[in-house]
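**Q** Let me begin by handing over the structure; questions about it come next.
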Amino acid sequence: VIGLDLDSTLLKDDKTISKRTKETLERAIRRGIYILPATGRTRTAIPECVRQVEGIQYGVCSNGASVVDLDTGKEFYSCKIPVLEAIELVGILEGYHTMYDCYIDGKGYTEKRFYDNLDEYRIEPKIQELIQKSRQPIDNLMEEIQKLDQPVEKFNMFFRNLEERERVHQELLKLSHLKVTSSLTNNLEINAAECNKGAALLGFAKIKGFNREQVMCCGDGNNDYEMVKMCGVGVAMMNGEDIVNEAADYITYTNEEDGVARAIERLCIRMQEN
């Protein structure tokens, strides 16, 4: 089983997959290896170039809040924020200058005041495009959570001011029932305390009859740390954060240099062939 972070790991900077990487993934899948995108995104926000890789069926979504069948949405594993705790969190976020959204049942929701003013929060164009495609604009997020009455997979926040981001980070760290990570310089991501990509990936592997030593992953960011540390073979990208590189068993090339493909070729395919 191999779990792959998307942004700055599997995907190049232009959010595409190289020909070499796509061919390597499909080659590994044909050899009986499960390949799962392991992302902070929702199921519906996983890009088409990933879905077009022949044989990719499952995904670790929302930083490990769920493992789902990407076609049907059937859930195999979950670790989410209860409704009342999610409503309490929105009340805290309203006191800061930040754009925030949440994911429920594989769908993203954000308020229209944020959706229509993404430039205000210094969100890069590619991420703005992703938000506009994957979030449903609504009037009031707290009311929407109450109406849907389902646990929340993840909250995502963007900040114009990094000092404001740090203030929010410190306040959220006081809440022991929540886990705070990030994947971009100006964002924060909030999940249930026990939620992480590593636990989700190992949970899926156990369901499929694999042990920890048979699980490999690749990642670059703060929200990949547990996955890289917990899996039998943890691979960090050369462009990754220091904390992830220190936890890794191997460091591969950057996402612009087919780092994922090189790691799978060396650590999986060649070992099988030998």
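Numbering starts fresh at 1 for the residues of each chain in the structure tokens, the chains themselves are lettered A, B, ... in the order given, and ligands are numbered from 1 as they appear.
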Could you pull out the alpha helix (DSSP H) residues of range 5-208 of chain A, going by DSSP on the backbone, and write them as an MDAnalysis selection string?
**A** chainID A and resid 19:30 48:51 83:93 112:115 125:134 141:148 162:172 197:207
**Q** Taking 2 positions as the minimum chain separation for residues in the same chain, which residues sit within 12 Å of Lys208 in chain A when counting only C-alpha atoms? Answer as a PyMOL selection string.
**A** chain A and resi 1+32-34+58+76+201-206+210-212+214-215
**Q** Nearest to Gln146 in chain A: which of A:Leu172, A:Ala86, A:Leu93, A:Leu118 is it, counting only C-alpha atoms?
**A**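 Counting only C-alpha atoms, the residue closest to Gln146 in chain A is A:Ala86.
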**Q** Can you pull out every residue from range 70-253 of chain A that DSSP, working from the backbone, puts in strand (DSSP E or B), and format the result as a PyMOL selection string?
**A** chain A and resi 75-78+81+99-104+107-111+135-138+152+154-158+178-181+187-192+216-219+233-237+250-252
**Q** Report as a list of chain:residue names all protein, DNA and RNA residues lying within 12 Å of Glu194 in chain A, evaluated on only C-alpha atoms, omitting residues in the same chain fewer than 5 positions from it.
**A** A:Asn63, A:Gly64, A:Ala65, A:Ser78, A:Cys79, A:Lys80, A:Ile81, A:Ser176, A:His177, A:Leu178, A:Lys179, A:Val180, A:Ala199, A:Ala200, A:Glu226
**Q** Restricting the output to all heavy atoms, write the selected residues as a tab-separated table (two decimals), in the first residue's frame.
**A**
```tsv
chain	number	residue	atom	x	y	z
A	63	ASN	N	-7.07	15.13	5.32
A	63	ASN	CA	-5.99	14.88	6.28
A	63	ASN	C	-6.20	13.61	7.10
A	63	ASN	O	-5.69	13.49	8.21
A	63	ASN	CB	-5.82	16.07	7.24
A	63	ASN	CG	-5.11	17.23	6.60
A	63	ASN	OD1	-4.47	17.08	5.58
A	63	ASN	ND2	-5.22	18.40	7.20
A	64	GLY	N	-6.95	12.65	6.55
A	64	GLY	CA	-7.16	11.39	7.25
A	64	GLY	C	-8.49	11.30	7.96
A	64	GLY	O	-8.75	10.33	8.67
A	65	ALA	N	-9.36	12.29	7.77
A	65	ALA	CA	-10.69	12.23	8.38
A	65	ALA	C	-11.53	11.10	7.79
A	65	ALA	O	-12.43	10.58	8.44
A	65	ALA	CB	-11.43	13.56	8.21
A	78	SER	N	-13.10	6.58	9.32
A	78	SER	CA	-13.41	7.99	9.57
A	78	SER	C	-12.93	8.42	10.95
A	78	SER	O	-12.85	7.62	11.88
A	78	SER	CB	-14.92	8.26	9.44
A	78	SER	OG	-15.62	7.66	10.51
A	79	CYS	N	-12.61	9.71	11.06
A	79	CYS	CA	-12.21	10.33	12.32
A	79	CYS	C	-12.53	11.82	12.19
A	79	CYS	O	-11.74	12.59	11.62
A	79	CYS	CB	-10.72	10.11	12.58
A	79	CYS	SG	-10.17	10.76	14.18
A	80	LYS	N	-13.70	12.24	12.69
A	80	LYS	CA	-14.23	13.56	12.39
A	80	LYS	C	-14.55	14.38	13.63
A	80	LYS	O	-14.55	13.86	14.75
A	80	LYS	CB	-15.49	13.41	11.52
A	80	LYS	CG	-15.23	12.65	10.22
A	80	LYS	CD	-16.50	12.40	9.43
A	80	LYS	CE	-16.22	11.57	8.19
A	80	LYS	NZ	-17.45	11.26	7.43
A	81	ILE	N	-14.82	15.66	13.42
A	81	ILE	CA	-15.15	16.59	14.51
A	81	ILE	C	-16.66	16.55	14.74
A	81	ILE	O	-17.44	16.81	13.81
A	81	ILE	CB	-14.72	18.03	14.15
A	81	ILE	CG1	-13.22	18.08	13.85
A	81	ILE	CG2	-15.07	18.99	15.29
A	81	ILE	CD1	-12.75	19.42	13.28
A	176	SER	N	-7.68	20.67	23.33
A	176	SER	CA	-7.09	19.33	23.24
A	176	SER	C	-7.87	18.38	22.34
A	176	SER	O	-7.33	17.35	21.92
A	176	SER	CB	-6.97	18.72	24.65
A	176	SER	OG	-8.25	18.61	25.25
A	177	HIS	N	-9.12	18.71	22.05
A	177	HIS	CA	-9.92	17.82	21.20
A	177	HIS	C	-9.71	18.10	19.71
A	177	HIS	O	-10.32	17.43	18.88
A	177	HIS	CB	-11.41	17.96	21.55
A	177	HIS	CG	-11.94	19.36	21.37
A	177	HIS	ND1	-11.72	20.36	22.29
A	177	HIS	CD2	-12.70	19.91	20.39
A	177	HIS	CE1	-12.31	21.47	21.88
A	177	HIS	NE2	-12.91	21.23	20.74
A	178	LEU	N	-8.84	19.06	19.39
A	178	LEU	CA	-8.58	19.40	18.00
A	178	LEU	C	-7.10	19.25	17.67
A	178	LEU	O	-6.24	19.34	18.55
A	178	LEU	CB	-9.02	20.84	17.70
A	178	LEU	CG	-10.51	21.15	17.86
A	178	LEU	CD1	-10.76	22.63	17.63
A	178	LEU	CD2	-11.36	20.30	16.93
A	179	LYS	N	-6.82	19.04	16.40
A	179	LYS	CA	-5.44	18.94	15.91
A	179	LYS	C	-5.24	20.02	14.86
A	179	LYS	O	-6.04	20.16	13.94
A	179	LYS	CB	-5.19	17.56	15.29
A	179	LYS	CG	-3.78	17.36	14.76
A	179	LYS	CD	-3.64	15.97	14.17
A	179	LYS	CE	-2.21	15.72	13.73
A	179	LYS	NZ	-1.26	15.80	14.85
A	180	VAL	N	-4.15	20.78	14.96
A	180	VAL	CA	-3.88	21.88	14.04
A	180	VAL	C	-2.63	21.56	13.23
A	180	VAL	O	-1.57	21.27	13.80
A	180	VAL	CB	-3.68	23.22	14.80
A	180	VAL	CG1	-3.52	24.36	13.81
A	180	VAL	CG2	-4.84	23.48	15.74
A	199	ALA	N	-2.64	7.37	10.41
A	199	ALA	CA	-3.62	6.47	11.04
A	199	ALA	C	-4.63	5.98	10.02
A	199	ALA	O	-5.03	4.81	10.02
A	199	ALA	CB	-4.31	7.18	12.20
A	200	ALA	N	-5.07	6.88	9.15
A	200	ALA	CA	-6.05	6.51	8.13
A	200	ALA	C	-5.47	5.51	7.14
A	200	ALA	O	-6.12	4.52	6.77
A	200	ALA	CB	-6.54	7.76	7.40
A	226	GLU	N	2.95	12.73	10.50
A	226	GLU	CA	2.58	11.46	11.13
A	226	GLU	C	2.62	10.32	10.12
A	226	GLU	O	3.05	9.21	10.45
A	226	GLU	CB	1.18	11.55	11.75
A	226	GLU	CG	1.10	12.40	13.00
A	226	GLU	CD	0.76	13.83	12.69
A	226	GLU	OE1	0.76	14.20	11.49
A	226	GLU	OE2	0.48	14.59	13.62
```
**Q** Which of these, A:Glu143, A:Asp101, A:Asp69, A:Asp258, has the shortest distance to Thr9 in chain A once you count only C-alpha atoms?
**A**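 Of the candidates, the smallest distance to Thr9 in chain A is held by A:Asp258.
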**Q** Smallest atom-to-atom distance to Gly40 in chain A: which of A:Ser182, A:Gln132, A:Asn245, A:Asn274, using only C-alpha atoms?
**A**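 Distance minimum relative to Gly40 in chain A lands on A:Ser182.
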**Q** Please indicate the distance in Å from CA of Asn255 in chain A to CA of Glu273 in chain A, rounded to one decimal place.
**A** 25.1 Å
**Q** Set the distance at 8 Å and use only C-alpha atoms: which residues neighbour range 2-6 of chain A once local chain neighbours fewer than 4 positions away are removed? I'd like the list as a list in words.
**A**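 The filter keeps Leu10, Leu11, Ile33, Tyr34, Ile35, Leu36, Pro37, Ala38, Thr39, Val60, Leu201, Val215, Met216, Cys217, Cys218, Gly219, Asp220 and Asp224 of chain A.
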**Q** Between CA of Gly234 in chain A and CA of Val152 in chain A, what is the distance in Å, rounded to a tenth?
**A** 28.1 Å
**Q** Do you have the CA of Tyr100 in chain A-CA of Lys154 in chain A distance handy?
**A**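 CA of Tyr100 in chain A sits 10.5 Å away from CA of Lys154 in chain A.
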**Q** Taking 5 positions as the minimum chain separation for residues in the same chain, which residues sit within 10 Å of Ile264 in chain A when counting only C-alpha atoms? Answer as a VMD selection string.
**A** chain A and resid 2 21 24 to 25 27 to 28 216 to 218 235 252 259 269 to 271
**Q** Please list as a PDB file with C-alpha atoms, in the first residue's frame every residue within 10 Å of Lys133 in chain A, counting only C-alpha atoms and excluding residues in the same chain fewer than 6 positions away.
**A**
```pdb
ATOM      1  CA  THR A  44     -14.643  15.895  -4.773  1.00  0.00           C
ATOM      2  CA  ALA A  45     -11.555  18.144  -4.930  1.00  0.00           C
ATOM      3  CA  GLY A 108     -16.704  21.868   0.901  1.00  0.00           C
ATOM      4  CA  ILE A 127      -5.650  27.587  -4.843  1.00  0.00           C
TER       5      ILE A 127
END
```
**Q** Which is closer to Leu84 in chain A than all the others in A:Asn140, A:Asn156, A:Thr181, A:Gln150, using only C-alpha atoms?
**A**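 Of A:Asn140, A:Asn156, A:Thr181, A:Gln150, the one nearest Leu84 in chain A is A:Gln150, counting only C-alpha atoms.
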